[in-house]
$ cat target24.tsv   # TSV, C-alpha atoms
chain	number	residue	atom	x	y	z
A	1	MET	CA	-3.27	30.30	-22.25
A	2	GLU	CA	-0.93	28.72	-19.69
A	3	VAL	CA	-1.99	25.26	-18.48
A	4	ILE	CA	-2.46	25.03	-14.71
A	5	ARG	CA	-0.20	22.44	-13.09
A	6	LEU	CA	-2.11	19.59	-11.44
A	7	LEU	CA	0.78	17.17	-10.80
A	8	GLU	CA	4.49	17.91	-10.74
A	9	ILE	CA	7.28	15.46	-9.94
A	10	ARG	CA	10.67	16.96	-9.19
A	11	ASN	CA	13.99	15.08	-9.17
A	12	LEU	CA	12.36	11.91	-7.85
A	13	TYR	CA	14.46	8.94	-6.76
A	14	ALA	CA	12.58	5.93	-5.36
A	15	SER	CA	13.21	2.35	-4.32
A	16	VAL	CA	11.46	-0.97	-3.89
A	17	GLY	CA	13.14	-2.73	-0.98
A	18	GLU	CA	16.89	-2.29	-1.43
A	19	LYS	CA	16.69	-1.62	-5.17
A	20	GLN	CA	16.53	1.93	-6.48
A	21	VAL	CA	14.14	1.92	-9.45
A	22	LEU	CA	13.38	5.57	-10.20
A	23	LYS	CA	16.26	7.95	-10.89
A	24	ASP	CA	15.81	11.68	-11.27
A	25	VAL	CA	12.28	11.56	-12.65
A	26	ASN	CA	10.83	14.93	-13.63
A	27	LEU	CA	7.27	15.11	-14.91
A	28	ARG	CA	4.56	17.74	-15.11
A	29	VAL	CA	0.89	17.07	-15.97
A	30	GLY	CA	-1.31	20.09	-16.47
A	31	GLU	CA	-4.96	20.39	-15.53
A	32	GLY	CA	-7.06	18.72	-18.23
A	33	GLU	CA	-4.13	16.84	-19.78
A	34	THR	CA	-3.85	13.10	-20.39
A	35	HIS	CA	-0.36	11.64	-20.81
A	36	ALA	CA	0.76	8.24	-22.11
A	37	LEU	CA	3.78	6.49	-20.61
A	38	PHE	CA	5.76	4.01	-22.74
A	39	GLY	CA	8.78	1.88	-21.92
A	40	PRO	CA	10.06	-1.70	-21.82
A	41	ASN	CA	9.18	-4.02	-18.95
A	42	GLY	CA	11.10	-3.42	-15.74
A	43	THR	CA	12.00	0.19	-16.45
A	44	GLY	CA	9.94	1.72	-13.61
A	45	LYS	CA	6.59	2.70	-15.17
A	46	THR	CA	4.42	0.84	-12.66
A	47	THR	CA	6.71	1.92	-9.82
A	48	LEU	CA	6.14	5.56	-10.79
A	49	LEU	CA	2.36	5.19	-10.65
A	50	ASN	CA	2.53	3.29	-7.35
A	51	ILE	CA	4.75	6.01	-5.87
A	52	ILE	CA	2.26	8.70	-6.94
A	53	ALA	CA	-0.58	6.66	-5.42
A	54	GLY	CA	1.31	6.21	-2.15
A	55	ILE	CA	1.55	2.39	-2.07
A	56	PRO	CA	3.44	1.72	1.22
A	57	ARG	CA	6.03	-0.79	-0.08
A	58	TYR	CA	7.55	1.86	-2.35
A	59	THR	CA	9.98	4.33	-0.79
A	60	VAL	CA	10.81	7.86	-1.91
A	61	ASP	CA	14.56	8.36	-1.45
A	62	SER	CA	14.57	12.01	-2.50
A	63	GLY	CA	12.61	14.49	-4.58
A	64	GLU	CA	9.07	15.86	-4.41
A	65	ILE	CA	5.59	15.01	-5.62
A	66	ILE	CA	3.33	18.06	-5.79
A	67	PHE	CA	-0.42	17.63	-6.38
A	68	LYS	CA	-2.86	20.54	-6.41
A	69	GLU	CA	-0.06	22.72	-5.03
A	70	LYS	CA	0.35	20.40	-2.01
A	71	ASP	CA	3.46	18.35	-1.23
A	72	ILE	CA	2.10	14.78	-1.09
A	73	THR	CA	5.50	13.04	-1.12
A	74	HIS	CA	4.97	11.46	2.29
A	75	MET	CA	1.16	11.48	2.51
A	76	SER	CA	-0.69	8.21	3.09
A	77	MET	CA	-2.53	6.46	0.27
A	78	ASP	CA	-5.97	7.34	1.64
A	79	GLU	CA	-5.02	11.02	2.02
A	80	ARG	CA	-4.02	11.09	-1.64
A	81	ALA	CA	-7.26	9.38	-2.66
A	82	ARG	CA	-9.28	11.99	-0.77
A	83	LEU	CA	-7.36	14.72	-2.61
A	84	GLY	CA	-8.53	13.19	-5.89
A	85	ILE	CA	-5.99	10.59	-7.03
A	86	GLY	CA	-7.39	7.33	-8.41
A	87	MET	CA	-5.71	4.28	-9.91
A	88	ALA	CA	-6.62	1.16	-11.87
A	89	PHE	CA	-4.08	-1.60	-11.25
A	90	GLN	CA	-2.73	-3.99	-13.84
A	91	ARG	CA	-3.59	-7.06	-11.73
A	92	PRO	CA	-6.14	-6.09	-9.06
A	93	PRO	CA	-7.18	-8.72	-6.51
A	94	ALA	CA	-10.48	-10.55	-6.34
A	95	ILE	CA	-12.49	-9.75	-3.18
A	96	ARG	CA	-14.52	-12.67	-1.90
A	97	GLY	CA	-17.78	-11.71	-0.20
A	98	LEU	CA	-17.98	-8.13	-1.54
A	99	ARG	CA	-20.37	-7.55	-4.43
A	100	LEU	CA	-19.34	-5.07	-7.10
A	101	ARG	CA	-22.58	-3.12	-6.65
A	102	ASP	CA	-21.87	-2.76	-2.91
A	103	LEU	CA	-18.31	-1.61	-3.60
A	104	ILE	CA	-19.63	1.09	-5.94
A	105	ARG	CA	-21.89	2.35	-3.15
A	106	ILE	CA	-18.98	2.33	-0.68
A	107	ILE	CA	-16.87	4.37	-3.10
A	108	ASN	CA	-19.65	6.88	-3.76
A	109	PRO	CA	-23.04	6.54	-2.03
A	110	GLN	CA	-24.52	9.23	-4.31
A	111	VAL	CA	-23.77	7.48	-7.59
A	112	ASP	CA	-26.30	5.53	-9.67
A	113	ALA	CA	-24.68	2.09	-9.75
A	114	ASP	CA	-27.01	0.82	-12.48
A	115	SER	CA	-26.08	3.61	-14.90
A	116	LEU	CA	-22.34	3.04	-14.32
A	117	LEU	CA	-22.67	-0.70	-14.89
A	118	GLU	CA	-24.74	-0.07	-18.01
A	119	ALA	CA	-22.15	2.39	-19.37
A	120	MET	CA	-19.54	-0.39	-19.27
A	121	ASP	CA	-21.95	-3.07	-20.57
A	122	PHE	CA	-21.51	-4.73	-17.18
A	123	GLU	CA	-25.05	-5.02	-15.81
A	124	GLY	CA	-24.75	-8.76	-15.16
A	125	PHE	CA	-21.76	-8.34	-12.85
A	126	GLY	CA	-23.19	-6.07	-10.15
A	127	GLU	CA	-24.21	-8.97	-7.92
A	128	ARG	CA	-20.95	-10.86	-8.31
A	129	ASP	CA	-17.95	-10.71	-5.97
A	130	VAL	CA	-15.46	-8.08	-7.11
A	131	ASN	CA	-13.20	-9.52	-9.85
A	132	ARG	CA	-13.83	-13.10	-8.70
A	133	GLY	CA	-13.83	-15.38	-11.74
A	134	PHE	CA	-13.65	-12.42	-14.11
A	135	SER	CA	-11.79	-12.66	-17.41
A	136	GLY	CA	-8.97	-10.20	-18.17
A	137	GLY	CA	-11.30	-7.85	-20.02
A	138	GLU	CA	-13.96	-8.12	-17.32
A	139	VAL	CA	-11.43	-7.20	-14.63
A	140	LYS	CA	-10.45	-4.10	-16.62
A	141	ARG	CA	-14.11	-3.09	-16.99
A	142	SER	CA	-14.64	-3.66	-13.27
A	143	GLU	CA	-11.75	-1.30	-12.53
A	144	MET	CA	-13.22	1.33	-14.85
A	145	VAL	CA	-16.64	1.10	-13.15
A	146	GLN	CA	-14.95	1.73	-9.80
A	147	LEU	CA	-13.05	4.75	-11.17
A	148	LEU	CA	-16.23	6.14	-12.74
A	149	ALA	CA	-17.80	5.93	-9.28
A	150	GLN	CA	-14.82	7.64	-7.65
A	151	GLN	CA	-14.50	10.38	-10.32
A	152	PRO	CA	-10.89	11.24	-9.40
A	153	ASP	CA	-9.30	14.49	-10.51
A	154	PHE	CA	-6.17	12.57	-11.50
A	155	VAL	CA	-6.55	9.03	-12.82
A	156	MET	CA	-3.74	6.52	-13.37
A	157	LEU	CA	-4.16	3.34	-15.42
A	158	ASP	CA	-1.56	0.60	-15.59
A	159	GLU	CA	-1.80	-1.09	-19.01
A	160	PRO	CA	-5.59	-0.97	-19.38
A	161	ASP	CA	-5.23	-2.66	-22.80
A	162	SER	CA	-3.15	-5.61	-21.56
A	163	GLY	CA	-4.83	-8.96	-22.28
A	164	VAL	CA	-8.01	-7.27	-23.50
A	165	ASP	CA	-9.87	-7.93	-26.75
A	166	LEU	CA	-10.78	-5.14	-29.17
A	167	GLU	CA	-14.38	-4.83	-27.99
A	168	ASN	CA	-13.28	-4.30	-24.39
A	169	ILE	CA	-10.47	-1.93	-25.41
A	170	LYS	CA	-13.02	0.31	-27.13
A	171	LEU	CA	-15.25	0.38	-24.03
A	172	ILE	CA	-12.28	1.10	-21.78
A	173	GLY	CA	-11.03	3.87	-24.08
A	174	GLN	CA	-14.47	5.50	-24.03
A	175	ALA	CA	-14.53	5.32	-20.23
A	176	ILE	CA	-11.08	6.93	-19.99
A	177	ASN	CA	-12.26	9.74	-22.27
A	178	ARG	CA	-15.23	10.21	-19.95
A	179	LEU	CA	-13.01	10.23	-16.85
A	180	THR	CA	-10.68	12.81	-18.40
A	181	GLN	CA	-13.50	14.99	-19.79
A	182	LYS	CA	-12.49	14.65	-23.44
A	183	ASP	CA	-16.08	15.50	-24.40
A	184	LEU	CA	-15.43	19.05	-23.17
A	185	ARG	CA	-13.44	21.82	-24.84
A	186	PRO	CA	-9.80	21.79	-23.66
A	187	SER	CA	-10.26	25.06	-21.76
A	188	LEU	CA	-13.06	23.49	-19.68
A	189	ARG	CA	-11.28	20.27	-18.72
A	190	THR	CA	-10.04	19.97	-15.13
A	191	LYS	CA	-9.36	16.23	-14.83
A	192	SER	CA	-6.07	14.68	-15.88
A	193	GLY	CA	-4.40	11.30	-16.12
A	194	ILE	CA	-1.44	9.05	-16.94
A	195	ILE	CA	-1.89	5.84	-18.90
A	196	ILE	CA	0.80	3.17	-19.13
A	197	THR	CA	0.55	1.27	-22.40
A	198	HIS	CA	3.02	-1.23	-23.80
A	199	PHE	CA	1.75	-1.60	-27.38
A	200	GLY	CA	-0.36	1.56	-27.68
A	201	HIS	CA	-3.61	-0.17	-28.70
A	202	ILE	CA	-5.67	1.87	-26.24
A	203	LEU	CA	-4.57	5.14	-27.89
A	204	GLU	CA	-6.74	4.33	-30.91
A	205	TYR	CA	-9.82	4.72	-28.68
A	206	MET	CA	-8.84	7.56	-26.35
A	207	LYS	CA	-7.31	11.02	-26.62
A	208	THR	CA	-3.87	11.85	-25.24
A	209	ASP	CA	-2.06	15.17	-25.14
A	210	ARG	CA	1.55	14.14	-24.51
A	211	ALA	CA	3.65	10.99	-24.26
A	212	HIS	CA	6.83	9.97	-22.45
A	213	VAL	CA	9.33	7.14	-22.86
A	214	MET	CA	10.82	5.73	-19.67
A	215	LEU	CA	14.19	3.99	-19.84
A	216	GLY	CA	16.45	2.97	-16.97
A	217	GLY	CA	14.12	4.43	-14.35
A	218	THR	CA	13.92	7.94	-15.78
A	219	ILE	CA	12.01	9.90	-18.43
A	220	ALA	CA	14.22	9.67	-21.51
A	221	CYS	CA	12.01	11.38	-24.07
A	222	SER	CA	8.73	13.34	-24.24
A	223	GLY	CA	6.61	14.59	-27.11
A	224	ASN	CA	3.64	14.02	-29.39
A	225	PRO	CA	1.95	10.66	-28.61
A	226	LYS	CA	1.47	9.60	-32.23
A	227	GLU	CA	5.01	10.52	-33.26
A	228	ILE	CA	6.52	8.70	-30.31
A	229	LEU	CA	4.38	5.58	-30.84
A	230	ASP	CA	5.28	5.52	-34.56
A	231	GLN	CA	8.97	5.78	-33.70
A	232	ILE	CA	8.72	3.00	-31.11
A	233	LYS	CA	7.05	0.70	-33.66
A	234	THR	CA	9.73	1.50	-36.25
A	235	ASN	CA	12.92	1.74	-34.20
A	236	GLY	CA	12.18	0.29	-30.74
A	237	TYR	CA	12.54	2.26	-27.52
A	238	GLU	CA	16.25	3.08	-27.74
A	239	GLY	CA	15.92	4.04	-31.39
A	240	CYS	CA	12.88	6.19	-30.61
A	241	VAL	CA	14.82	8.23	-28.06
A	242	ALA	CA	17.87	8.56	-30.33
A	243	CYS	CA	15.64	9.79	-33.17
A	244	LEU	CA	13.39	12.18	-31.26
A	245	CYS	CA	15.98	13.45	-28.79
A	246	PRO	CA	19.26	13.57	-30.76
A	247	ARG	CA	22.36	14.67	-28.89

$ encode --input "target24.tsv" --output "structure tokens"
Amino acid sequence: MEVIRLLEIRNLYASVGEKQVLKDVNLRVGEGETHALFGPNGTGKTTLLNIIAGIPRYTVDSGEIIFKEKDITHMSMDERARLGIGMAFQRPPAIRGLRLRDLIRIINPQVDADSLLEAMDFEGFGERDVNRGFSGGEVKRSEMVQLLAQQPDFVMLDEPDSGVDLENIKLIGQAINRLTQKDLRPSLRTKSGIIITHFGHILEYMKTDRAHVMLGGTIACSGNPKEILDQIKTNGYEGCVACLCPR
């Protein structure tokens, strides 16, 4: 059965200020698929997610971003969010004066905030200001609670395992599986996602369908997540691409 396209990026070039970071990026994520994105620091992984989300400081020079059959290349960030795109940032800000429980209700007035907080073992944080004084793992759990409230059709996570202990990584992996409907049969899944991971720890606790290696601002290699991660651990990023994509 052919997988329905949810997100497609075509020949994308993009810049931050005067610097072009993304160069001829082509990527397709089908409905119900979760993809992992690997690559060394500074190669454009976070830029790609920010471009998809519509962060204003990032500029599309050329190419297209298609989501749910709509061209969202020049849509605003809030328009994309309403279409079903959600993102957890690597270093989200603290928000003084806004309680996490209140933010959950703003995101989705219909949701049961207590059950979401309980699912992330986060009941004691509902009355605290969002991310204020949180540890690295607590910030990541806070971001997951917010995404669980939003229930996006396409979720993006920027290094959810960075600076997080094993207990928190397991909780976060379980939440990602819930967001991407991994409890359902593949034919019933409609939600998709992209996860940036540097060391791959999170992949031990969540299910991914495909992986990509980004080098020099473009997708250099794609394939089976476990095979690619094993090659990265053995040969590094350049060696991984040379091995899996021989010329």

$ closest_residue --input "target24.tsv" --among "A:Met214, A:Phe125, A:Met120, A:Val241" --to "Asn26 of chain A" --atoms "all atoms listed in the file"
A:Met214

$ atom_distance --input "target24.tsv" --atom1 "atom CA of Lys207 of chain A" --atom2 "atom CA of Ser115 of chain A"
23.3 Å

$ residues_around --input "target24.tsv" --residues "Arg105 of chain A" --least-positions-apart "4" --cutoff "12 Å" --atoms "all atoms listed in the file" --output "VMD selection string"
chain A and resid 98 to 101 109 to 114 116 126 145 to 146 148 to 150

$ write_last_selection --input "target24.tsv" --atoms "C-alpha atoms" --output "PDB file, in the coordinates of the input"
ATOM      1  CA  LEU A  98     -17.980  -8.130  -1.540  1.00  0.00           C
ATOM      2  CA  ARG A  99     -20.370  -7.550  -4.430  1.00  0.00           C
ATOM      3  CA  LEU A 100     -19.340  -5.070  -7.100  1.00  0.00           C
ATOM      4  CA  ARG A 101     -22.580  -3.120  -6.650  1.00  0.00           C
ATOM      5  CA  PRO A 109     -23.040   6.540  -2.030  1.00  0.00           C
ATOM      6  CA  GLN A 110     -24.520   9.230  -4.310  1.00  0.00           C
ATOM      7  CA  VAL A 111     -23.770   7.480  -7.590  1.00  0.00           C
ATOM      8  CA  ASP A 112     -26.300   5.530  -9.670  1.00  0.00           C
ATOM      9  CA  ALA A 113     -24.680   2.090  -9.750  1.00  0.00           C
ATOM     10  CA  ASP A 114     -27.010   0.820 -12.480  1.00  0.00           C
ATOM     11  CA  LEU A 116     -22.340   3.040 -14.320  1.00  0.00           C
ATOM     12  CA  GLY A 126     -23.190  -6.070 -10.150  1.00  0.00           C
ATOM     13  CA  VAL A 145     -16.640   1.100 -13.150  1.00  0.00           C
ATOM     14  CA  GLN A 146     -14.950   1.730  -9.800  1.00  0.00           C
ATOM     15  CA  LEU A 148     -16.230   6.140 -12.740  1.00  0.00           C
ATOM     16  CA  ALA A 149     -17.800   5.930  -9.280  1.00  0.00           C
ATOM     17  CA  GLN A 150     -14.820   7.640  -7.650  1.00  0.00           C
TER      18      GLN A 150
END

$ closest_residue --input "target24.tsv" --among "A:Met144, A:Met156, A:Ile51, A:Ala119" --to "Met75 of chain A" --atoms "all atoms listed in the file"
A:Ile51

$ residues_around --input "target24.tsv" --residues "Thr218 of chain A" --least-positions-apart "6" --cutoff "10 Å" --atoms "all atoms listed in the file" --output "mmCIF file with C-alpha atoms, keeping the file's coordinate frame"
data_model
loop_
_atom_site.group_PDB
_atom_site.id
_atom_site.type_symbol
_atom_site.label_atom_id
_atom_site.label_comp_id
_atom_site.auth_asym_id
_atom_site.auth_seq_id
_atom_site.Cartn_x
_atom_site.Cartn_y
_atom_site.Cartn_z
ATOM 1 C CA ASN A 11 13.990 15.080 -9.170
ATOM 2 C CA LEU A 12 12.360 11.910 -7.850
ATOM 3 C CA TYR A 13 14.460 8.940 -6.760
ATOM 4 C CA VAL A 21 14.140 1.920 -9.450
ATOM 5 C CA LEU A 22 13.380 5.570 -10.200
ATOM 6 C CA LYS A 23 16.260 7.950 -10.890
ATOM 7 C CA ASP A 24 15.810 11.680 -11.270
ATOM 8 C CA VAL A 25 12.280 11.560 -12.650
ATOM 9 C CA ASN A 26 10.830 14.930 -13.630
ATOM 10 C CA LEU A 27 7.270 15.110 -14.910
ATOM 11 C CA THR A 43 12.000 0.190 -16.450
ATOM 12 C CA GLY A 44 9.940 1.720 -13.610
ATOM 13 C CA LYS A 45 6.590 2.700 -15.170
ATOM 14 C CA LEU A 48 6.140 5.560 -10.790
ATOM 15 C CA HIS A 212 6.830 9.970 -22.450
#

$ closest_residue --input "target24.tsv" --among "A:Ala242, A:Val29, A:Ile104, A:Leu166" --to "Cys221 of chain A" --atoms "all atoms listed in the file"
A:Ala242

$ atom_distance --input "target24.tsv" --atom1 "atom CA of Glu138 of chain A" --atom2 "atom CA of Arg91 of chain A"
11.8 Å

$ residues_near_point --input "target24.tsv" --point "(6.8, 11.3, -1.4)" --cutoff "12 Å" --atoms "only C-alpha atoms" --output "number ranges by chain"
A: 8-15, 48-56, 58-67, 70-77, 80

$ write_last_selection --input "target24.tsv" --atoms "C-alpha atoms" --output "CSV table (one decimal), in the frame of the given file"
chain,number,residue,atom,x,y,z
A,8,GLU,CA,4.5,17.9,-10.7
A,9,ILE,CA,7.3,15.5,-9.9
A,10,ARG,CA,10.7,17.0,-9.2
A,11,ASN,CA,14.0,15.1,-9.2
A,12,LEU,CA,12.4,11.9,-7.8
A,13,TYR,CA,14.5,8.9,-6.8
A,14,ALA,CA,12.6,5.9,-5.4
A,15,SER,CA,13.2,2.4,-4.3
A,48,LEU,CA,6.1,5.6,-10.8
A,49,LEU,CA,2.4,5.2,-10.6
A,50,ASN,CA,2.5,3.3,-7.4
A,51,ILE,CA,4.8,6.0,-5.9
A,52,ILE,CA,2.3,8.7,-6.9
A,53,ALA,CA,-0.6,6.7,-5.4
A,54,GLY,CA,1.3,6.2,-2.2
A,55,ILE,CA,1.6,2.4,-2.1
A,56,PRO,CA,3.4,1.7,1.2
A,58,TYR,CA,7.6,1.9,-2.4
A,59,THR,CA,10.0,4.3,-0.8
A,60,VAL,CA,10.8,7.9,-1.9
A,61,ASP,CA,14.6,8.4,-1.4
A,62,SER,CA,14.6,12.0,-2.5
A,63,GLY,CA,12.6,14.5,-4.6
A,64,GLU,CA,9.1,15.9,-4.4
A,65,ILE,CA,5.6,15.0,-5.6
A,66,ILE,CA,3.3,18.1,-5.8
A,67,PHE,CA,-0.4,17.6,-6.4
A,70,LYS,CA,0.4,20.4,-2.0
A,71,ASP,CA,3.5,18.4,-1.2
A,72,ILE,CA,2.1,14.8,-1.1
A,73,THR,CA,5.5,13.0,-1.1
A,74,HIS,CA,5.0,11.5,2.3
A,75,MET,CA,1.2,11.5,2.5
A,76,SER,CA,-0.7,8.2,3.1
A,77,MET,CA,-2.5,6.5,0.3
A,80,ARG,CA,-4.0,11.1,-1.6

$ atom_distance --input "target24.tsv" --atom1 "atom CA of Arg5 of chain A" --atom2 "atom CA of Asn41 of chain A"
28.7 Å

$ decode --input "target24.tsv" --residues "segment 115-148 of chain A" --atoms "N, CA and C atoms" --output "tab-separated table (two decimals), in the first residue's frame"
chain	number	residue	atom	x	y	z
A	115	SER	N	-4.16	14.74	33.62
A	115	SER	CA	-3.77	13.46	33.03
A	115	SER	C	-2.49	13.60	32.20
A	116	LEU	N	-2.33	14.74	31.51
A	116	LEU	CA	-1.11	14.96	30.73
A	116	LEU	C	0.10	15.09	31.65
A	117	LEU	N	-0.05	15.85	32.73
A	117	LEU	CA	1.05	16.02	33.67
A	117	LEU	C	1.41	14.67	34.32
A	118	GLU	N	0.39	13.89	34.64
A	118	GLU	CA	0.64	12.59	35.25
A	118	GLU	C	1.36	11.66	34.28
A	119	ALA	N	1.00	11.72	33.00
A	119	ALA	CA	1.62	10.85	31.99
A	119	ALA	C	3.12	11.08	31.89
A	120	MET	N	3.55	12.33	32.16
A	120	MET	CA	4.97	12.66	32.10
A	120	MET	C	5.61	12.72	33.49
A	121	ASP	N	4.90	12.17	34.50
A	121	ASP	CA	5.41	12.20	35.88
A	121	ASP	C	5.80	13.62	36.27
A	122	PHE	N	4.87	14.55	36.01
A	122	PHE	CA	5.17	15.98	36.10
A	122	PHE	C	4.12	16.73	36.92
A	123	GLU	N	3.40	16.00	37.78
A	123	GLU	CA	2.28	16.61	38.50
A	123	GLU	C	2.69	17.80	39.34
A	124	GLY	N	3.91	17.78	39.89
A	124	GLY	CA	4.34	18.85	40.78
A	124	GLY	C	4.75	20.13	40.08
A	125	PHE	N	4.67	20.15	38.73
A	125	PHE	CA	5.16	21.30	37.98
A	125	PHE	C	4.03	22.13	37.36
A	126	GLY	N	2.79	21.70	37.52
A	126	GLY	CA	1.68	22.40	36.89
A	126	GLY	C	1.49	23.82	37.37
A	127	GLU	N	1.84	24.08	38.63
A	127	GLU	CA	1.65	25.42	39.20
A	127	GLU	C	2.89	26.30	39.07
A	128	ARG	N	3.93	25.77	38.47
A	128	ARG	CA	5.17	26.55	38.33
A	128	ARG	C	5.20	27.29	37.00
A	129	ASP	N	5.95	28.40	36.96
A	129	ASP	CA	6.13	29.14	35.72
A	129	ASP	C	6.80	28.24	34.68
A	130	VAL	N	6.37	28.38	33.43
A	130	VAL	CA	6.84	27.50	32.36
A	130	VAL	C	8.37	27.54	32.25
A	131	ASN	N	8.99	26.39	32.48
A	131	ASN	CA	10.44	26.16	32.31
A	131	ASN	C	11.32	26.96	33.27
A	132	ARG	N	10.74	27.75	34.16
A	132	ARG	CA	11.54	28.60	35.03
A	132	ARG	C	12.15	27.77	36.17
A	133	GLY	N	13.49	27.70	36.18
A	133	GLY	CA	14.19	26.92	37.18
A	133	GLY	C	14.16	25.42	36.93
A	134	PHE	N	13.71	25.01	35.76
A	134	PHE	CA	13.66	23.58	35.44
A	134	PHE	C	15.05	23.07	35.07
A	135	SER	N	15.32	21.82	35.39
A	135	SER	CA	16.54	21.17	34.93
A	135	SER	C	16.38	20.83	33.44
A	136	GLY	N	17.48	20.35	32.82
A	136	GLY	CA	17.41	20.00	31.40
A	136	GLY	C	16.35	18.96	31.10
A	137	GLY	N	16.28	17.91	31.93
A	137	GLY	CA	15.28	16.88	31.73
A	137	GLY	C	13.87	17.38	31.97
A	138	GLU	N	13.72	18.28	32.95
A	138	GLU	CA	12.40	18.84	33.25
A	138	GLU	C	11.90	19.74	32.12
A	139	VAL	N	12.82	20.49	31.51
A	139	VAL	CA	12.44	21.31	30.35
A	139	VAL	C	11.93	20.43	29.22
A	140	LYS	N	12.64	19.32	28.97
A	140	LYS	CA	12.22	18.42	27.89
A	140	LYS	C	10.84	17.83	28.19
A	141	ARG	N	10.59	17.46	29.44
A	141	ARG	CA	9.28	16.92	29.79
A	141	ARG	C	8.19	17.99	29.67
A	142	SER	N	8.53	19.22	30.02
A	142	SER	CA	7.60	20.33	29.87
A	142	SER	C	7.20	20.50	28.40
A	143	GLU	N	8.19	20.43	27.51
A	143	GLU	CA	7.92	20.54	26.08
A	143	GLU	C	7.01	19.40	25.60
A	144	MET	N	7.24	18.20	26.12
A	144	MET	CA	6.42	17.07	25.71
A	144	MET	C	4.98	17.22	26.19
A	145	VAL	N	4.80	17.72	27.40
A	145	VAL	CA	3.44	17.97	27.91
A	145	VAL	C	2.71	18.94	26.99
A	146	GLN	N	3.40	19.99	26.56
A	146	GLN	CA	2.77	20.98	25.68
A	146	GLN	C	2.40	20.36	24.33
A	147	LEU	N	3.27	19.50	23.79
A	147	LEU	CA	2.96	18.85	22.52
A	147	LEU	C	1.81	17.86	22.67
A	148	LEU	N	1.77	17.15	23.79
A	148	LEU	CA	0.65	16.23	24.04
A	148	LEU	C	-0.67	16.98	24.11
